[in-house]
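Here is the structure we will look at.
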Amino acid sequence: MDVQVPARRTNEFSNPSNYTFASHRLRKILRDSSKQPIVLVACGSFSPVTYLHLRMFEMAKDYVRQNTNFEIIGGYLSPVSDQYNKPGLLSAQHRVNMCRLAAEETSSWLMIDPWEAFQNYQRTAVVLDHFDYEINTMLGGVQTQDGEHRNVGVMLLAGSDLISTMSEPGVWSVEDLDLILGRYGTFIIERAGSSMEQATDNLARWRSNIHLVPQLIQNDVSSTKVRLFLRRGLSVRYLLPSAVVDYIEEHNLYLDDGAGAEKEKGKEKDSGSGRREADAGYPTKMLVLS
């Protein structure tokens, strides 16, 4: 029986003032017309952005080339809103600036979308809808070499803890899971020592849209550890792009990061409506990129 793909929920989005969707690195023409075009979207705190955040895009890119019929035409970092209220969360302006510096210094295909950062907290499902709208409705998707129009698939890029939270009853709303995993899909970077079998079994109805990407060289750098180093006056150079380190030093960031609050991991619960996605959608460490 064919699985019905859920439709985008809305075509109406409130934009921050002076907002422009970044598309300067988005390829407009497919290299291989037999492939399905996709963009990768990583949502997270990025406080600060690390080499692991950037490396996840490259791991997914290798996986896509070797194991799928997709063609990546662009990648986006989408920093979370200040209203997420996570311990150690620097202002959106600083986090967007650092992400932009990191992408410009290290990549030829990554971009920053500040839409989520400069407004009220938005659920992950809404963020993916926004990307779908901007790329396929406003920009018109992509074209093949022969001029044929193609819609672009939007896919979430995240760490392995994401699947664990998605498989827990009551953490995410079924409607949001159906949109994220049913309409869009996700690439999950596996982490050493974490078993994905149970989690993916619980999400069996969407399994074909969940791509598990092995981390062949283990990297456990996290924003939390970087902030701890900075509070202690230790060097973080070569853990972050040089331009990001220079920015942190220039603006004297993370010198007082609320060390006690770091131990609080935001365990507020809800009645199962998906609002606790404030934990699930933007978890710590490698989940959706702390």
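Ordering of the structure tokens sets the chain letters (A, B, ...), residue numbers begin anew at 1 in every chain, and ligands are numbered from 1 in the order given.
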How close does each residue of segment 52-154 of chain A get to segment 34-42 of chain A, giving the shortest atom pair and distance in Å to one decimal for every residue with an atom at most 8 Å away, counting only C-alpha atoms, sorted by chain and residue number, as JSON lines?
```
{"residue": "A:Phe57", "atom": "CA", "partner": "A:Leu40", "partner_atom": "CA", "distance": 7.6}
{"residue": "A:Asn69", "atom": "CA", "partner": "A:Lys35", "partner_atom": "CA", "distance": 5.3}
{"residue": "A:Phe70", "atom": "CA", "partner": "A:Gln36", "partner_atom": "CA", "distance": 4.6}
{"residue": "A:Glu71", "atom": "CA", "partner": "A:Pro37", "partner_atom": "CA", "distance": 4.8}
{"residue": "A:Ile72", "atom": "CA", "partner": "A:Ile38", "partner_atom": "CA", "distance": 5.0}
{"residue": "A:Ile73", "atom": "CA", "partner": "A:Val39", "partner_atom": "CA", "distance": 5.8}
{"residue": "A:Gly74", "atom": "CA", "partner": "A:Val39", "partner_atom": "CA", "distance": 5.0}
{"residue": "A:Gly75", "atom": "CA", "partner": "A:Leu40", "partner_atom": "CA", "distance": 4.6}
{"residue": "A:Tyr76", "atom": "CA", "partner": "A:Val41", "partner_atom": "CA", "distance": 4.8}
{"residue": "A:Leu77", "atom": "CA", "partner": "A:Ala42", "partner_atom": "CA", "distance": 5.0}
{"residue": "A:Ser78", "atom": "CA", "partner": "A:Ala42", "partner_atom": "CA", "distance": 6.0}
{"residue": "A:Leu128", "atom": "CA", "partner": "A:Val41", "partner_atom": "CA", "distance": 7.8}
{"residue": "A:Val142", "atom": "CA", "partner": "A:Pro37", "partner_atom": "CA", "distance": 7.8}
{"residue": "A:Arg150", "atom": "CA", "partner": "A:Pro37", "partner_atom": "CA", "distance": 7.6}
{"residue": "A:Asn151", "atom": "CA", "partner": "A:Pro37", "partner_atom": "CA", "distance": 7.4}
{"residue": "A:Val152", "atom": "CA", "partner": "A:Pro37", "partner_atom": "CA", "distance": 5.1}
{"residue": "A:Gly153", "atom": "CA", "partner": "A:Ile38", "partner_atom": "CA", "distance": 4.3}
{"residue": "A:Val154", "atom": "CA", "partner": "A:Val39", "partner_atom": "CA", "distance": 5.2}
```
*Please identify all polymer residues within 9 Å of Gln215 of chain A, counting only C-alpha atoms, omitting same-chain residues fewer than 3 positions from it, and present them as a list of chain:residue names.*
A:Met56, A:Met59, A:Ile189, A:Glu190, A:Arg191, A:Ala192, A:Gln218, A:Asn219
Can I get the selected residues back with N, CA, C and O atoms, as a PDB file, in the first residue's frame?
```
ATOM      1  N   MET A  56      29.706  17.172  10.176  1.00  0.00           N
ATOM      2  CA  MET A  56      28.500  16.369   9.970  1.00  0.00           C
ATOM      3  C   MET A  56      27.952  16.528   8.553  1.00  0.00           C
ATOM      4  O   MET A  56      27.459  15.573   7.954  1.00  0.00           O
ATOM      5  N   MET A  59      30.132  14.347   6.312  1.00  0.00           N
ATOM      6  CA  MET A  59      29.826  12.927   6.473  1.00  0.00           C
ATOM      7  C   MET A  59      28.543  12.566   5.743  1.00  0.00           C
ATOM      8  O   MET A  59      28.452  11.523   5.067  1.00  0.00           O
ATOM      9  N   ILE A 189      23.721  11.205  12.188  1.00  0.00           N
ATOM     10  CA  ILE A 189      25.126  10.826  12.357  1.00  0.00           C
ATOM     11  C   ILE A 189      25.238   9.934  13.583  1.00  0.00           C
ATOM     12  O   ILE A 189      24.953  10.365  14.708  1.00  0.00           O
ATOM     13  N   GLU A 190      25.609   8.679  13.376  1.00  0.00           N
ATOM     14  CA  GLU A 190      25.707   7.731  14.491  1.00  0.00           C
ATOM     15  C   GLU A 190      26.884   8.087  15.397  1.00  0.00           C
ATOM     16  O   GLU A 190      27.905   8.600  14.939  1.00  0.00           O
ATOM     17  N   ARG A 191      26.728   7.785  16.668  1.00  0.00           N
ATOM     18  CA  ARG A 191      27.761   8.073  17.647  1.00  0.00           C
ATOM     19  C   ARG A 191      28.255   6.772  18.256  1.00  0.00           C
ATOM     20  O   ARG A 191      27.475   5.829  18.435  1.00  0.00           O
ATOM     21  N   ALA A 192      29.530   6.715  18.573  1.00  0.00           N
ATOM     22  CA  ALA A 192      30.111   5.500  19.154  1.00  0.00           C
ATOM     23  C   ALA A 192      29.364   5.098  20.427  1.00  0.00           C
ATOM     24  O   ALA A 192      29.083   5.939  21.282  1.00  0.00           O
ATOM     25  N   GLN A 218      35.873   9.020  15.042  1.00  0.00           N
ATOM     26  CA  GLN A 218      35.085   9.539  16.150  1.00  0.00           C
ATOM     27  C   GLN A 218      35.556  10.933  16.558  1.00  0.00           C
ATOM     28  O   GLN A 218      36.740  11.209  16.655  1.00  0.00           O
ATOM     29  N   ASN A 219      34.580  11.803  16.780  1.00  0.00           N
ATOM     30  CA  ASN A 219      34.840  13.181  17.181  1.00  0.00           C
ATOM     31  C   ASN A 219      33.802  13.551  18.222  1.00  0.00           C
ATOM     32  O   ASN A 219      32.607  13.565  17.928  1.00  0.00           O
TER      33      ASN A 219
END
```
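Scanning segment 94-269 of chain A with DSSP on the backbone, the strand (DSSP E) assignments fall on Leu110, Met111, Ile112, Val142, Gln143, His149, Arg150, Gly153, Val154, Met155, Leu156, Leu157, Ala158, Gly159, Thr186, Phe187, Ile188, Ile189, Ile210, His211, Leu212 and Val213 of chain A.
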*Shell around Ala125 of chain A at 10 Å using only C-alpha atoms, local window under 2 positions removed, as a list in words*: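 After dropping sequence-adjacent residues, the list is Arg8, Arg9, Gln122, Arg123, Val127, Leu128, Asp129, His130, Leu156, Glu175, Asp176, Leu177, Asp178, Leu179, Ile180, Leu181, Arg183, Tyr184 and Gly281 of chain A.
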*Selection near Asn11 of chain A, 12 Å with only C-alpha atoms, sequence-local residues under 3 positions removed, as a list in words*: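 Near neighbours after the sequence-gap exclusion: Ala7, Arg8, Ser14, Val126, Leu128, Asp129, His130, Phe131, Asp132, Tyr133, Glu134, Asn136, Thr137 and Met138 of chain A.
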Would you mind listing, for every residue of segment 169-267 of chain A within 7 Å of segment 97-102 of chain A, the two atoms forming the shortest contact and the distance between them in Å to one decimal, using only C-alpha atoms, sorted by chain and ascending residue number, as a Markdown table?
```
| residue | atom | partner | partner_atom | distance |
| --- | --- | --- | --- | --- |
| A:Pro241 | CA | A:Ala102 | CA | 5.9 |
| A:Ala243 | CA | A:Leu101 | CA | 6.1 |
| A:Val244 | CA | A:Met98 | CA | 5.5 |
```
Those residues you just picked out, can you put them in a file as a PDB file, in the first residue's frame with N, CA and C atoms?
```
ATOM      1  N   PRO A 241      36.662  26.740  13.789  1.00  0.00           N
ATOM      2  CA  PRO A 241      37.319  27.492  12.724  1.00  0.00           C
ATOM      3  C   PRO A 241      38.034  28.719  13.284  1.00  0.00           C
ATOM      4  N   ALA A 243      38.348  31.723  12.303  1.00  0.00           N
ATOM      5  CA  ALA A 243      37.582  32.974  12.308  1.00  0.00           C
ATOM      6  C   ALA A 243      36.619  33.028  13.493  1.00  0.00           C
ATOM      7  N   VAL A 244      36.102  31.870  13.914  1.00  0.00           N
ATOM      8  CA  VAL A 244      35.200  31.820  15.065  1.00  0.00           C
ATOM      9  C   VAL A 244      35.979  32.050  16.359  1.00  0.00           C
TER      10      VAL A 244
END
```
*Which neighbours of Val80 of chain A fall inside 8 Å, counting only C-alpha atoms, when residues of the same chain fewer than 2 positions from it are skipped, and could you give them as a VMD selection string?*
chain A and resid 43 to 45 78 82 84 92 116 to 117 121 282
Would you export the selected residues with all heavy atoms as an mmCIF file, in the first residue's frame, please?
```
data_model
loop_
_atom_site.group_PDB
_atom_site.id
_atom_site.type_symbol
_atom_site.label_atom_id
_atom_site.label_comp_id
_atom_site.auth_asym_id
_atom_site.auth_seq_id
_atom_site.Cartn_x
_atom_site.Cartn_y
_atom_site.Cartn_z
ATOM 1 N N CYS A 43 19.497 22.173 12.485
ATOM 2 C CA CYS A 43 18.957 23.105 13.469
ATOM 3 C C CYS A 43 19.711 22.924 14.785
ATOM 4 O O CYS A 43 20.019 21.801 15.168
ATOM 5 C CB CYS A 43 17.477 22.841 13.703
ATOM 6 S SG CYS A 43 16.441 22.972 12.236
ATOM 7 N N GLY A 44 19.995 24.005 15.479
ATOM 8 C CA GLY A 44 20.689 23.839 16.752
ATOM 9 C C GLY A 44 21.070 25.149 17.396
ATOM 10 O O GLY A 44 20.828 26.229 16.856
ATOM 11 N N SER A 45 21.692 25.037 18.557
ATOM 12 C CA SER A 45 22.112 26.223 19.293
ATOM 13 C C SER A 45 23.331 26.874 18.651
ATOM 14 O O SER A 45 23.424 28.093 18.562
ATOM 15 C CB SER A 45 22.445 25.840 20.748
ATOM 16 O OG SER A 45 21.330 25.255 21.368
ATOM 17 N N SER A 78 20.770 26.487 10.837
ATOM 18 C CA SER A 78 19.645 27.297 11.284
ATOM 19 C C SER A 78 19.711 27.440 12.808
ATOM 20 O O SER A 78 19.192 26.596 13.542
ATOM 21 C CB SER A 78 18.319 26.648 10.866
ATOM 22 O OG SER A 78 17.215 27.414 11.296
ATOM 23 N N ASP A 82 16.643 32.931 20.494
ATOM 24 C CA ASP A 82 17.049 33.244 21.868
ATOM 25 C C ASP A 82 16.016 32.755 22.871
ATOM 26 O O ASP A 82 16.343 32.448 24.022
ATOM 27 C CB ASP A 82 17.228 34.752 22.052
ATOM 28 C CG ASP A 82 18.488 35.280 21.399
ATOM 29 O OD1 ASP A 82 19.397 34.477 21.115
ATOM 30 O OD2 ASP A 82 18.581 36.509 21.179
ATOM 31 N N TYR A 84 14.630 30.057 23.119
ATOM 32 C CA TYR A 84 14.813 28.665 23.514
ATOM 33 C C TYR A 84 15.286 28.564 24.957
ATOM 34 O O TYR A 84 15.032 27.591 25.659
ATOM 35 C CB TYR A 84 15.800 27.996 22.561
ATOM 36 C CG TYR A 84 16.073 26.539 22.880
ATOM 37 C CD1 TYR A 84 15.039 25.650 23.132
ATOM 38 C CD2 TYR A 84 17.378 26.060 22.926
ATOM 39 C CE1 TYR A 84 15.288 24.325 23.423
ATOM 40 C CE2 TYR A 84 17.640 24.728 23.219
ATOM 41 C CZ TYR A 84 16.594 23.865 23.460
ATOM 42 O OH TYR A 84 16.857 22.555 23.751
ATOM 43 N N ALA A 92 21.426 35.546 19.698
ATOM 44 C CA ALA A 92 21.277 35.078 18.322
ATOM 45 C C ALA A 92 22.222 35.809 17.380
ATOM 46 O O ALA A 92 22.775 35.202 16.461
ATOM 47 C CB ALA A 92 19.831 35.260 17.869
ATOM 48 N N GLU A 116 14.992 31.468 11.803
ATOM 49 C CA GLU A 116 14.603 30.884 13.087
ATOM 50 C C GLU A 116 15.185 31.656 14.256
ATOM 51 O O GLU A 116 14.558 31.789 15.316
ATOM 52 C CB GLU A 116 15.068 29.422 13.130
ATOM 53 C CG GLU A 116 14.720 28.680 14.398
ATOM 54 C CD GLU A 116 15.288 27.269 14.421
ATOM 55 O OE1 GLU A 116 15.963 26.868 13.451
ATOM 56 O OE2 GLU A 116 15.064 26.573 15.435
ATOM 57 N N ALA A 117 16.394 32.193 14.078
ATOM 58 C CA ALA A 117 17.136 32.801 15.185
ATOM 59 C C ALA A 117 16.509 34.094 15.681
ATOM 60 O O ALA A 117 16.506 34.366 16.890
ATOM 61 C CB ALA A 117 18.585 33.054 14.761
ATOM 62 N N TYR A 121 10.424 31.243 19.339
ATOM 63 C CA TYR A 121 10.823 29.850 19.153
ATOM 64 C C TYR A 121 9.909 29.152 18.152
ATOM 65 O O TYR A 121 8.685 29.266 18.211
ATOM 66 C CB TYR A 121 10.781 29.106 20.494
ATOM 67 C CG TYR A 121 10.936 27.615 20.347
ATOM 68 C CD1 TYR A 121 12.183 27.066 20.064
ATOM 69 C CD2 TYR A 121 9.838 26.763 20.442
ATOM 70 C CE1 TYR A 121 12.324 25.702 19.888
ATOM 71 C CE2 TYR A 121 9.974 25.401 20.275
ATOM 72 C CZ TYR A 121 11.220 24.871 19.998
ATOM 73 O OH TYR A 121 11.358 23.520 19.822
ATOM 74 N N TYR A 282 16.166 20.418 19.876
ATOM 75 C CA TYR A 282 17.454 21.077 19.973
ATOM 76 C C TYR A 282 18.220 20.553 21.171
ATOM 77 O O TYR A 282 18.492 21.258 22.120
ATOM 78 C CB TYR A 282 17.259 22.599 20.101
ATOM 79 C CG TYR A 282 16.540 23.138 18.930
ATOM 80 C CD1 TYR A 282 15.172 23.311 18.959
ATOM 81 C CD2 TYR A 282 17.215 23.407 17.756
ATOM 82 C CE1 TYR A 282 14.502 23.764 17.852
ATOM 83 C CE2 TYR A 282 16.548 23.862 16.644
ATOM 84 C CZ TYR A 282 15.194 24.042 16.700
ATOM 85 O OH TYR A 282 14.518 24.483 15.610
#
```
